[in-house]
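A.B. asks: Just so it is clear, I am handing over target-v1.cif, which has mmCIF, C-alpha atoms and all ligand atoms.
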data_coords
#
loop_
_atom_site.label_atom_id
_atom_site.label_comp_id
_atom_site.auth_asym_id
_atom_site.auth_seq_id
_atom_site.Cartn_x
_atom_site.Cartn_y
_atom_site.Cartn_z
CA MET A 1 3.58 1.71 10.07
CA ARG A 2 7.37 1.64 9.97
CA LYS A 3 9.47 4.21 8.12
CA GLY A 4 10.71 3.27 4.67
CA LEU A 5 14.25 1.87 4.46
CA ILE A 6 16.95 3.33 2.24
CA PHE A 7 19.08 0.94 0.20
CA VAL A 8 22.09 2.62 -1.37
CA VAL A 9 23.52 0.60 -4.26
CA SER A 10 26.82 1.60 -5.86
CA ALA A 11 28.96 -0.06 -8.50
CA PRO A 12 31.40 0.83 -11.22
CA SER A 13 29.48 1.72 -14.35
CA GLY A 14 29.01 -1.46 -16.41
CA ALA A 15 28.65 -3.74 -13.39
CA GLY A 16 24.99 -4.25 -14.23
CA LYS A 17 23.71 -2.39 -11.20
CA THR A 18 20.89 -0.52 -12.92
CA SER A 19 19.33 -3.68 -14.44
CA LEU A 20 19.75 -5.43 -11.12
CA CYS A 21 17.96 -2.69 -9.18
CA LYS A 22 15.17 -2.47 -11.75
CA GLN A 23 14.59 -6.21 -11.65
CA VAL A 24 14.44 -6.31 -7.86
CA VAL A 25 12.00 -3.38 -7.74
CA GLU A 26 9.79 -5.26 -10.20
CA LEU A 27 9.88 -8.48 -8.19
CA LEU A 28 9.59 -7.20 -4.63
CA PRO A 29 6.57 -5.40 -3.21
CA GLY A 30 7.00 -2.24 -1.17
CA ILE A 31 10.19 -0.96 -2.77
CA ARG A 32 10.74 1.72 -5.42
CA HIS A 33 13.61 3.06 -7.41
CA SER A 34 14.57 6.65 -6.65
CA ILE A 35 14.67 8.58 -9.94
CA SER A 36 17.71 10.84 -9.96
CA TYR A 37 18.16 14.20 -11.63
CA THR A 38 20.97 14.46 -14.16
CA THR A 39 22.47 16.86 -16.66
CA ARG A 40 23.60 13.94 -18.85
CA THR A 41 21.90 13.60 -22.25
CA PRO A 42 19.53 10.63 -22.46
CA ARG A 43 20.73 7.43 -24.15
CA VAL A 44 18.53 6.17 -27.00
CA ASN A 45 16.45 3.81 -24.88
CA GLU A 46 16.04 6.13 -21.89
CA ILE A 47 12.83 7.90 -20.95
CA ASP A 48 12.63 11.20 -19.09
CA GLY A 49 10.91 10.76 -15.74
CA VAL A 50 11.41 6.98 -15.81
CA ASP A 51 15.17 6.41 -16.00
CA TYR A 52 16.17 9.90 -14.87
CA HIS A 53 14.80 13.39 -14.70
CA PHE A 54 16.93 14.86 -17.46
CA VAL A 55 17.46 18.54 -16.71
CA SER A 56 19.61 21.43 -17.93
CA GLU A 57 22.73 22.65 -16.09
CA ASP A 58 20.73 25.70 -15.13
CA ILE A 59 17.88 23.82 -13.46
CA PHE A 60 20.31 21.48 -11.70
CA VAL A 61 22.33 24.36 -10.25
CA LYS A 62 19.14 26.06 -9.07
CA MET A 63 18.13 22.86 -7.27
CA VAL A 64 21.55 22.72 -5.61
CA GLU A 65 21.22 26.36 -4.53
CA ARG A 66 17.89 25.83 -2.86
CA ASP A 67 19.20 22.69 -1.12
CA GLY A 68 16.93 20.39 -3.08
CA PHE A 69 19.36 17.47 -3.12
CA VAL A 70 20.16 15.15 -0.25
CA GLU A 71 23.31 14.32 -2.23
CA TRP A 72 24.74 15.23 -5.58
CA ALA A 73 27.97 14.55 -7.43
CA ILE A 74 29.78 14.96 -10.71
CA VAL A 75 30.24 11.55 -12.32
CA HIS A 76 32.09 11.21 -15.64
CA GLY A 77 31.64 14.96 -16.20
CA ASN A 78 27.88 15.05 -15.63
CA LYS A 79 25.94 16.08 -12.57
CA TYR A 80 23.66 13.61 -10.79
CA GLY A 81 21.55 14.18 -7.70
CA THR A 82 18.92 12.63 -5.45
CA ALA A 83 16.05 14.97 -4.58
CA GLU A 84 15.49 15.23 -0.84
CA GLU A 85 11.76 15.44 -1.41
CA THR A 86 11.69 12.00 -3.13
CA LEU A 87 13.42 10.34 -0.19
CA ARG A 88 11.31 12.01 2.45
CA ARG A 89 8.07 11.11 0.68
CA TYR A 90 8.92 7.40 0.41
CA GLU A 91 10.18 7.33 3.97
CA ALA A 92 6.97 8.86 5.30
CA GLU A 93 4.81 6.49 3.22
CA GLY A 94 6.69 3.47 4.59
CA ILE A 95 7.97 2.57 1.13
CA ASP A 96 11.52 1.25 0.88
CA VAL A 97 13.69 2.91 -1.72
CA ILE A 98 16.71 1.90 -3.79
CA LEU A 99 19.22 4.62 -4.63
CA ASP A 100 21.37 3.66 -7.58
CA ILE A 101 24.13 6.21 -7.00
CA ASP A 102 27.91 6.54 -7.18
CA VAL A 103 30.38 6.22 -4.28
CA GLN A 104 30.58 9.99 -3.68
CA GLY A 105 26.82 10.28 -3.31
CA ALA A 106 26.69 7.20 -1.07
CA GLY A 107 29.27 8.83 1.22
CA GLN A 108 27.23 12.02 1.42
CA ILE A 109 24.04 10.12 2.32
CA ARG A 110 25.85 8.20 5.04
CA GLN A 111 27.21 11.41 6.55
CA LYS A 112 24.05 13.40 6.27
CA LEU A 113 21.38 10.87 7.20
CA ASN A 114 23.37 8.40 9.28
CA GLN A 115 21.09 5.64 8.08
CA GLY A 116 20.70 3.29 5.15
CA VAL A 117 21.92 -0.08 3.97
CA TYR A 118 24.97 0.16 1.72
CA ILE A 119 25.42 -2.40 -1.03
CA PHE A 120 28.28 -2.58 -3.54
CA VAL A 121 27.79 -4.46 -6.81
CA LEU A 122 30.95 -5.78 -8.37
CA PRO A 123 31.56 -7.29 -11.80
CA PRO A 124 33.33 -10.70 -11.56
CA ASP A 125 36.71 -9.33 -12.77
CA PRO A 126 38.28 -6.35 -14.59
CA GLU A 127 38.20 -8.11 -17.99
CA GLU A 128 34.49 -8.76 -17.70
CA LEU A 129 33.87 -5.12 -16.77
CA GLU A 130 35.66 -3.92 -19.91
CA LYS A 131 33.79 -6.45 -22.04
CA ARG A 132 30.44 -5.27 -20.65
CA LEU A 133 31.27 -1.60 -21.16
CA ARG A 134 32.28 -2.22 -24.78
CA GLY A 135 29.30 -4.49 -25.38
CA ARG A 136 26.89 -1.81 -24.23
CA GLY A 137 27.98 0.26 -27.22
CA THR A 138 26.76 3.52 -25.71
CA GLU A 139 30.19 5.11 -25.08
CA GLY A 140 33.23 5.76 -27.26
CA ASN A 141 36.74 4.44 -26.57
CA GLU A 142 37.90 7.44 -24.53
CA LEU A 143 34.82 7.35 -22.33
CA ILE A 144 35.25 3.62 -21.74
CA LYS A 145 38.87 4.17 -20.69
CA ALA A 146 37.79 6.91 -18.28
CA ARG A 147 35.11 4.65 -16.81
CA LEU A 148 37.60 1.80 -16.30
CA LEU A 149 39.98 4.10 -14.45
CA ASN A 150 37.14 5.46 -12.40
CA ALA A 151 36.03 1.90 -11.58
CA ARG A 152 39.32 1.17 -9.78
CA GLU A 153 38.89 4.26 -7.66
CA GLU A 154 35.30 3.37 -6.83
CA ILE A 155 36.16 -0.21 -5.87
CA GLY A 156 38.75 1.25 -3.48
CA ARG A 157 35.83 2.57 -1.41
CA ILE A 158 34.18 -0.81 -1.04
CA VAL A 159 35.04 -0.95 2.68
CA ASN A 160 32.36 1.67 3.33
CA TYR A 161 29.64 -0.77 2.26
CA ASP A 162 27.73 -3.32 4.33
CA TYR A 163 27.18 -5.90 1.58
CA ILE A 164 29.03 -6.92 -1.57
CA ILE A 165 27.19 -8.58 -4.44
CA VAL A 166 29.30 -10.03 -7.24
CA ASN A 167 27.26 -9.85 -10.42
CA ASP A 168 28.48 -13.01 -12.13
CA LEU A 169 25.16 -14.56 -13.12
CA PHE A 170 22.41 -11.98 -13.29
CA GLU A 171 19.70 -14.23 -11.79
CA ASP A 172 21.96 -15.14 -8.86
CA ALA A 173 22.78 -11.50 -8.23
CA VAL A 174 19.06 -10.66 -8.26
CA GLU A 175 18.45 -13.38 -5.65
CA ARG A 176 21.27 -12.04 -3.47
CA LEU A 177 20.00 -8.48 -3.60
CA LYS A 178 16.47 -9.66 -2.80
CA SER A 179 17.86 -11.62 0.16
CA VAL A 180 19.72 -8.60 1.53
CA ILE A 181 16.52 -6.55 1.37
CA ALA A 182 14.48 -9.33 2.96
CA ALA A 183 17.01 -9.70 5.78
CA GLU A 184 17.14 -5.97 6.46
CA ARG A 185 13.35 -5.90 6.66
CA CYS A 186 13.56 -8.49 9.47
CA ARG A 187 15.86 -6.42 11.68
CA ARG A 188 14.85 -6.50 15.31
CA GLU A 189 14.99 -2.75 15.85
CA LEU A 190 12.65 -2.27 12.91
CA ILE A 191 10.03 -4.77 13.99
CA LEU A 192 10.27 -4.69 17.78
CA PRO A 193 8.13 -1.57 18.39
CA GLN A 194 5.17 -3.22 16.65
CA ILE A 195 5.75 -6.56 18.44
CA LYS A 196 5.83 -4.75 21.79
CA GLU A 197 2.53 -3.11 21.00
CA ASP A 198 0.89 -6.30 19.76
CA TRP A 199 2.09 -8.48 22.64
CA GLY A 200 2.05 -5.87 25.37
CA ILE A 201 5.63 -6.60 26.39
P1 LIG R 301 24.89 6.49 -15.93
O1 LIG R 301 25.20 7.78 -16.60
O2 LIG R 301 25.69 5.34 -16.48
O3 LIG R 301 23.41 6.21 -15.86
O4 LIG R 301 25.34 6.64 -14.41
C1 LIG R 301 26.65 6.97 -14.10
C2 LIG R 301 26.87 6.87 -12.62
O5 LIG R 301 26.11 7.88 -11.94
C3 LIG R 301 26.40 5.53 -12.02
O6 LIG R 301 27.40 5.10 -11.11
C4 LIG R 301 25.15 5.91 -11.29
O7 LIG R 301 24.92 5.05 -10.17
C5 LIG R 301 25.48 7.30 -10.83
N1 LIG R 301 24.28 8.04 -10.43
C6 LIG R 301 23.02 7.95 -10.94
N2 LIG R 301 22.19 8.75 -10.28
C7 LIG R 301 22.91 9.35 -9.30
C8 LIG R 301 22.59 10.28 -8.27
O8 LIG R 301 21.47 10.73 -8.10
N3 LIG R 301 23.61 10.66 -7.47
C9 LIG R 301 24.88 10.19 -7.61
N4 LIG R 301 25.80 10.63 -6.75
N5 LIG R 301 25.21 9.33 -8.56
C10 LIG R 301 24.24 8.90 -9.40
#
Take the structure I supplied and represent it as structure tokens, if you would.
C.D. replies:
Amino acid sequence: MRKGLIFVVSAPSGAGKTSLCKQVVELLPGIRHSISYTTRTPRVNEIDGVDYHFVSEDIFVKMVERDGFVEWAIVHGNKYGTAEETLRRYEAEGIDVILDIDVQGAGQIRQKLNQGVYIFVLPPDPEELEKRLRGRGTEGNELIKARLLNAREEIGRIVNYDYIIVNDLFEDAVERLKSVIAAERCRRELILPQIKEDWGI
């Protein structure tokens, strides 16, 4: 059995990354969504343990102190982190995992693990991003402005990613993300050990 692959997906908030990742996890076998820990308060439609593990500042800091996170970052004033245990478990079980995390976290994973496939999801243009953020109706004007500013900074780090998916039409973006995952699963170095064993070469 091969080790599970890690797909790190980043995007400015409002690019549609979360829906994209959820859809792909639903459609493709053998891949799960890594559920992050956050100190942010849940939005109305969010469920604890499904969308995030919603925890207090106190619990989050304790997890940081005992090195429980493979990466963590402050995004828009809230703390978010990926539990090391989650990643290790999926990896050992041969299950691929999607990490829907910000550019800071993606950088930490790259440095620390030196593995993973890095995918950046981009809205078609700045106007569309603003429209989507306002349409979501979950943030006030000031927060939206902060997120737009932050988006420019995040896009500036796009060169650190292996793939770019422009989320123009949702269905097309889903197909592209599925294709990236399918291609990565066909990588020679991943499959060759098994082939060598099977064919005795
Ligand atoms: P939101 O609050 O809109 O769900 O997420 C805000 C940002 O935090 C998004 O860019 C999301 O990808 C990022 N994020 C979610 N979970 C994590 C995590 O575990 N680590 C890091 N570094 N960022 C995360």
A.B. asks: Can I get the residues close to ligand LIG 301 (chain R) as a PyMOL selection string, where close means within 8 Å and we count only C-alpha atoms and all ligand atoms?
C.D. replies: chain A and resi 9-14+17-18+35-38+40+52+71-76+78-83+99-106
A.B. asks: So the first atom is atom CA of A:Ala173 and the second is atom CA of A:Arg134; what is the distance between them in Å, to one decimal place?
C.D. replies: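 So the answer is 21.2 Å.
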A.B. asks: So which one's closest to A:His33, A:Val70, A:Val64, A:Val97, A:Val8? Using all atoms listed in the file, please.
C.D. replies: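 That would be A:Val97, the residue with the smallest distance to A:His33.
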A.B. asks: Rank nothing, just name the residue among A:Ile47, A:Leu169, A:Ile195, A:Leu148 nearest to A:Lys131, using all atoms listed in the file.
C.D. replies: A:Leu148
A.B. asks: Would you please work out which residue, of A:Asp58, A:Glu139, A:Asp125, A:Glu26, is nearest to A:Ile98 when using all atoms listed in the file?
C.D. replies: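 Answer, going by the shortest atom-to-atom distance: A:Glu26.
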A.B. asks: Taking 2 positions as the minimum chain separation for residues in the same chain, which residues sit within 12 Å of stretch 190-194 of chain A when counting only C-alpha atoms? Answer as a ChimeraX atom specification.
C.D. replies: /A:1-5,94,183-188,196-201
A.B. asks: Give me the residues near A:Ala182 as a count of residues only, where near means some atom within 12 Å (using all atoms listed in the file) and where sequence neighbours in that chain fewer than 2 positions away do not count.
C.D. replies: 19
A.B. asks: Measuring between only C-alpha atoms, which one of A:Leu20, A:Ile109, A:Ala15, A:Ile6 shows the shortest distance to A:Arg132?
C.D. replies: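 Under the stated criterion, the closest residue is A:Ala15.
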A.B. asks: Which residue gives the smallest distance to A:Asp67 among A:Glu91, A:Asp168, A:Leu113, A:Glu85, with all atoms listed in the file counted?
C.D. replies: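 That would be A:Glu85, the residue with the smallest distance to A:Asp67.
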A.B. asks: Quick one: of A:Val55, A:Met63, A:Ile95, A:Val159, who's nearest to A:Val25, counting all atoms listed in the file?
C.D. replies: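 Of all the options, A:Ile95 lies closest to A:Val25.
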A.B. asks: What is the atom CA of A:Ile181 to atom CA of A:Asn160 distance in Å?
C.D. replies: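 Distance between the two atoms: 18.0 Å.
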A.B. asks: How many Å separate atom CA of A:Ile165 from atom CA of A:Pro124?
C.D. replies: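 Separation of atom CA of A:Ile165 and atom CA of A:Pro124: 9.6 Å.
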